[in-house]
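Asker: So that we are looking at the same thing, I have put the structure below in structure tokens.
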Amino acid sequence: MPVHDFQSQRIFVEAALFAGASVAASDDQFNYLVRVLRLRAGDDILVFNGCDGEWRARLAEVGKRSCSLAIGPQTRPQVPGPDINYLFAPLKRTRLDYMVQKAVEMGVRRLTPVLTARTTAERVNGERMKANAIEAAEQCGILHLPDIDEAAKLTHVLAGWDPARFLILCDEAAEVADPAAVLRPLRGAPVAVLIGPEGGFSSDERRLLLSQPFVRAISLGPRIMRADTAAVAALALVNATIGDWC
């Protein structure tokens, strides 16, 4: 049985979902479904809202400028993804879009932009991040959307850290070369992954991070990666070792 129906169109809605509900499509959704895809009344799509699972819906009451969705049977129940948060130094717009999309595809629960000494893009558009997260979830069959935090300084984030959640620091100078050896003991615990800015953390920041009892440093190999590439590599490694891939 396939994990996801990749043939049907799929959209995210804000409304509660249950059999028999009627959900008004937004203006953008109406334009996409009716004017771009040329769907008509009676056509089926899939909908999800991040908390009620996935549902079959039928286009109903299609007008010139609006339409509603009649919610039918549930196709998939809501299931929790891996308990992995993702922290990152903001990047320039196009590369940040890519990184957010890939992190969502990897199933992260929370996205936290972290400002560091060498962060080059300190302004983060939260609405754009949310739009990219929704697009990635719609296309990849994901049932939940990550929470998105406001950008905060690294020192502030560490000061308010929950010590029960391990922070996996991607550090090219990590003492243990085998990242799996560091990660395996963390299986079953909540974790977060931290990727630094281009140019890396400052020496003061690295000392501060390594002094925290909840931080575990891992190496991503002998090559220096761009931050967006490192995000995919690190999240794939964590999912495969202690996440929901294993």
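Ligands are numbered from 1 in the order shown, chains are lettered A, B, ... in the order of the structure tokens, and residues start at 1 in each chain.
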Once DSSP has gone over the backbone, tell me which residues of range 79-139 of chain A are in alpha helix (DSSP H), as a list in words.
Answerer: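 Matching residues, listed in order: Arg93, Thr94, Arg95, Leu96, Asp97, Tyr98, Met99, Val100, Gln101, Lys102, Ala103, Val104, Glu105, Gly126, Glu127, Arg128, Met129, Lys130, Ala131, Asn132, Ala133, Ile134, Glu135, Ala136, Ala137, Glu138 and Gln139 of chain A.
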Asker: Take the residues from that selection and write them out as a compact mmCIF listing (two decimals), in the first residue's frame, keeping N, CA and C atoms.
Answerer:
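Final output, saved to result-v8.txt:
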# COMPACT_ATOMS: atom_id res chain seq x y z
N ARG A 93 18.11 34.94 0.45
CA ARG A 93 16.73 34.50 0.24
C ARG A 93 16.59 33.18 -0.51
N THR A 94 17.17 33.04 -1.69
CA THR A 94 16.94 31.84 -2.49
C THR A 94 17.45 30.60 -1.79
N ARG A 95 18.63 30.69 -1.18
CA ARG A 95 19.20 29.54 -0.50
C ARG A 95 18.45 29.23 0.78
N LEU A 96 17.91 30.27 1.45
CA LEU A 96 17.09 30.04 2.64
C LEU A 96 15.80 29.32 2.25
N ASP A 97 15.19 29.71 1.12
CA ASP A 97 13.99 29.02 0.64
C ASP A 97 14.27 27.53 0.46
N TYR A 98 15.39 27.23 -0.18
CA TYR A 98 15.75 25.83 -0.43
C TYR A 98 15.94 25.09 0.89
N MET A 99 16.66 25.71 1.81
CA MET A 99 16.96 25.05 3.07
C MET A 99 15.70 24.76 3.88
N VAL A 100 14.78 25.72 3.91
CA VAL A 100 13.52 25.51 4.63
C VAL A 100 12.74 24.36 4.00
N GLN A 101 12.65 24.35 2.69
CA GLN A 101 11.92 23.27 2.01
C GLN A 101 12.51 21.91 2.33
N LYS A 102 13.84 21.80 2.28
CA LYS A 102 14.47 20.50 2.53
C LYS A 102 14.32 20.08 3.99
N ALA A 103 14.40 21.03 4.92
CA ALA A 103 14.21 20.70 6.33
C ALA A 103 12.80 20.18 6.58
N VAL A 104 11.82 20.78 5.93
CA VAL A 104 10.43 20.32 6.07
C VAL A 104 10.29 18.91 5.50
N GLU A 105 10.90 18.68 4.34
CA GLU A 105 10.84 17.34 3.75
C GLU A 105 11.46 16.30 4.68
N GLY A 126 9.41 35.62 8.14
CA GLY A 126 8.70 34.47 8.68
C GLY A 126 7.57 34.00 7.79
N GLU A 127 6.86 34.93 7.17
CA GLU A 127 5.75 34.54 6.29
C GLU A 127 6.27 33.81 5.06
N ARG A 128 7.41 34.24 4.55
CA ARG A 128 7.99 33.54 3.40
C ARG A 128 8.44 32.14 3.80
N MET A 129 9.03 32.02 5.00
CA MET A 129 9.41 30.70 5.49
C MET A 129 8.18 29.80 5.60
N LYS A 130 7.08 30.33 6.14
CA LYS A 130 5.87 29.52 6.27
C LYS A 130 5.35 29.10 4.90
N ALA A 131 5.37 30.02 3.93
CA ALA A 131 4.89 29.68 2.59
C ALA A 131 5.74 28.57 1.98
N ASN A 132 7.05 28.62 2.17
CA ASN A 132 7.92 27.56 1.66
C ASN A 132 7.68 26.24 2.38
N ALA A 133 7.42 26.32 3.69
CA ALA A 133 7.13 25.10 4.45
C ALA A 133 5.83 24.46 3.96
N ILE A 134 4.81 25.26 3.71
CA ILE A 134 3.54 24.74 3.22
C ILE A 134 3.71 24.10 1.84
N GLU A 135 4.42 24.78 0.96
CA GLU A 135 4.63 24.24 -0.39
C GLU A 135 5.35 22.89 -0.34
N ALA A 136 6.38 22.80 0.51
CA ALA A 136 7.11 21.54 0.62
C ALA A 136 6.23 20.43 1.17
N ALA A 137 5.43 20.75 2.19
CA ALA A 137 4.56 19.74 2.79
C ALA A 137 3.49 19.29 1.81
N GLU A 138 2.93 20.23 1.04
CA GLU A 138 1.91 19.87 0.05
C GLU A 138 2.47 18.91 -0.99
N GLN A 139 3.66 19.17 -1.45
CA GLN A 139 4.23 18.39 -2.54
C GLN A 139 4.76 17.04 -2.10
Asker: With only C-alpha atoms as the counted atoms, please give the residues lying no more than 9 Å from range 115-121 of chain A, apart from itself and same-chain residues fewer than 6 positions off, as a VMD selection string.
Answerer: chain A and resid 88 to 93 151 to 155 196 to 202 205
Asker: Write a file of the just-selected residues containing N, CA and C atoms, as a PDB file, in the first residue's frame.
Answerer:
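And here is the file that came out, out24.pdb:
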ATOM      1  N   PHE A  88      19.442  27.224  12.588  1.00  0.00           N
ATOM      2  CA  PHE A  88      20.320  27.578  11.475  1.00  0.00           C
ATOM      3  C   PHE A  88      20.590  29.075  11.450  1.00  0.00           C
ATOM      4  N   ALA A  89      21.760  29.428  10.988  1.00  0.00           N
ATOM      5  CA  ALA A  89      22.064  30.830  10.712  1.00  0.00           C
ATOM      6  C   ALA A  89      21.395  31.207   9.394  1.00  0.00           C
ATOM      7  N   PRO A  90      20.606  32.285   9.361  1.00  0.00           N
ATOM      8  CA  PRO A  90      19.886  32.646   8.143  1.00  0.00           C
ATOM      9  C   PRO A  90      20.810  32.851   6.948  1.00  0.00           C
ATOM     10  N   LEU A  91      20.295  32.477   5.780  1.00  0.00           N
ATOM     11  CA  LEU A  91      21.013  32.637   4.526  1.00  0.00           C
ATOM     12  C   LEU A  91      20.297  33.666   3.663  1.00  0.00           C
ATOM     13  N   LYS A  92      20.906  33.994   2.530  1.00  0.00           N
ATOM     14  CA  LYS A  92      20.232  34.867   1.578  1.00  0.00           C
ATOM     15  C   LYS A  92      19.011  34.163   1.018  1.00  0.00           C
ATOM     16  N   ARG A  93      18.106  34.936   0.447  1.00  0.00           N
ATOM     17  CA  ARG A  93      16.731  34.501   0.240  1.00  0.00           C
ATOM     18  C   ARG A  93      16.589  33.182  -0.507  1.00  0.00           C
ATOM     19  N   ALA A 151      13.734  35.044  14.639  1.00  0.00           N
ATOM     20  CA  ALA A 151      15.193  34.997  14.728  1.00  0.00           C
ATOM     21  C   ALA A 151      15.648  35.500  16.096  1.00  0.00           C
ATOM     22  N   ALA A 152      16.645  34.827  16.674  1.00  0.00           N
ATOM     23  CA  ALA A 152      17.159  35.207  17.993  1.00  0.00           C
ATOM     24  C   ALA A 152      18.664  34.993  18.032  1.00  0.00           C
ATOM     25  N   LYS A 153      19.337  35.727  18.876  1.00  0.00           N
ATOM     26  CA  LYS A 153      20.776  35.573  19.022  1.00  0.00           C
ATOM     27  C   LYS A 153      21.103  34.215  19.624  1.00  0.00           C
ATOM     28  N   LEU A 154      22.243  33.677  19.219  1.00  0.00           N
ATOM     29  CA  LEU A 154      22.663  32.368  19.713  1.00  0.00           C
ATOM     30  C   LEU A 154      22.725  32.334  21.235  1.00  0.00           C
ATOM     31  N   THR A 155      23.271  33.381  21.849  1.00  0.00           N
ATOM     32  CA  THR A 155      23.387  33.405  23.309  1.00  0.00           C
ATOM     33  C   THR A 155      22.009  33.340  23.971  1.00  0.00           C
ATOM     34  N   GLY A 196      25.802  26.253  11.468  1.00  0.00           N
ATOM     35  CA  GLY A 196      26.284  27.615  11.600  1.00  0.00           C
ATOM     36  C   GLY A 196      26.276  28.387  10.290  1.00  0.00           C
ATOM     37  N   PRO A 197      26.781  29.599  10.315  1.00  0.00           N
ATOM     38  CA  PRO A 197      26.790  30.454   9.129  1.00  0.00           C
ATOM     39  C   PRO A 197      27.937  30.089   8.196  1.00  0.00           C
ATOM     40  N   GLU A 198      27.908  30.639   7.003  1.00  0.00           N
ATOM     41  CA  GLU A 198      29.065  30.531   6.128  1.00  0.00           C
ATOM     42  C   GLU A 198      30.241  31.218   6.836  1.00  0.00           C
ATOM     43  N   GLY A 199      31.344  30.542   6.882  1.00  0.00           N
ATOM     44  CA  GLY A 199      32.475  31.061   7.641  1.00  0.00           C
ATOM     45  C   GLY A 199      32.575  30.458   9.029  1.00  0.00           C
ATOM     46  N   GLY A 200      31.518  29.731   9.444  1.00  0.00           N
ATOM     47  CA  GLY A 200      31.556  29.024  10.714  1.00  0.00           C
ATOM     48  C   GLY A 200      31.288  29.910  11.919  1.00  0.00           C
ATOM     49  N   PHE A 201      31.254  29.267  13.076  1.00  0.00           N
ATOM     50  CA  PHE A 201      31.080  29.996  14.323  1.00  0.00           C
ATOM     51  C   PHE A 201      32.379  30.685  14.703  1.00  0.00           C
ATOM     52  N   SER A 202      32.274  31.779  15.448  1.00  0.00           N
ATOM     53  CA  SER A 202      33.471  32.415  15.983  1.00  0.00           C
ATOM     54  C   SER A 202      34.059  31.508  17.065  1.00  0.00           C
ATOM     55  N   GLU A 205      31.959  31.659  20.170  1.00  0.00           N
ATOM     56  CA  GLU A 205      30.701  30.921  20.040  1.00  0.00           C
ATOM     57  C   GLU A 205      30.932  29.419  20.142  1.00  0.00           C
TER      58      GLU A 205
END
Asker: Neighbours of Ile195 in chain A within 10 Å (only C-alpha atoms; same-chain residues fewer than 5 positions away dropped), as a PyMOL selection string?
Answerer: chain A and resi 86-90+113-114+168-171+200-201+227-228+230-231+234
Asker: Could you work out how far CA of Asp149 in chain A lies from CA of Arg76 in chain A, giving the answer in Å with one decimal?
Answerer: 27.9 Å
Asker: Could you pull the residues within 10 Å of range 20-22 of chain A, counting only C-alpha atoms, minus those fewer than 4 positions along the same chain, as a ChimeraX atom specification?
Answerer: /A:15-16,57-60,68-73
Asker: So how far away is CA of Arg65 in chain A from CA of Ala24 in chain A, in Å?
Answerer: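 Straight-line distance from CA of Ala24 in chain A to CA of Arg65 in chain A works out to 11.5 Å.
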Asker: Show me a table, sorted first by chain and then by increasing residue number, of the residues of range 98-169 of chain A having an atom at most 10 Å from range 176-189 of chain A, each with its shortest atom pair and the distance in Å to one decimal, counting only C-alpha atoms and written as a tab-separated table.
Answerer:
residue	atom	partner	partner_atom	distance
A:Ala164	CA	A:Ala189	CA	7.9
A:Arg165	CA	A:Ala189	CA	6.9
A:Phe166	CA	A:Ala189	CA	7.5
A:Ile168	CA	A:Leu183	CA	8.4
Asker: So that I can check the surroundings of range 240-245 of chain A, please list as a count of residues only every protein, DNA and RNA residue that reaches within 6 Å of it, counting only C-alpha atoms and ignoring chain neighbours fewer than 2 positions away.
Answerer: 4
Asker: With a distance cut-off of 7 Å and only C-alpha atoms, select the neighbouring residues of range 48-54 of chain A, excluding the residue or stretch itself and same-chain residues fewer than 5 positions from it, and output the selection as a ChimeraX atom specification.
Answerer: /A:11-15,17,74-78,143-145
Asker: Taking into account only C-alpha atoms, which residue in the set A:Ala159, A:Val215, A:Ala174, A:Leu39 is nearest to Val193 in chain A?
Answerer: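 Checking each of A:Ala159, A:Val215, A:Ala174, A:Leu39 against Val193 in chain A, counting only C-alpha atoms, the winner is A:Val215.
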Asker: For CA of Pro80 in chain A and CA of Ile45 in chain A, determine how far apart the two atoms are, in Å to one decimal place.
Answerer: 22.9 Å
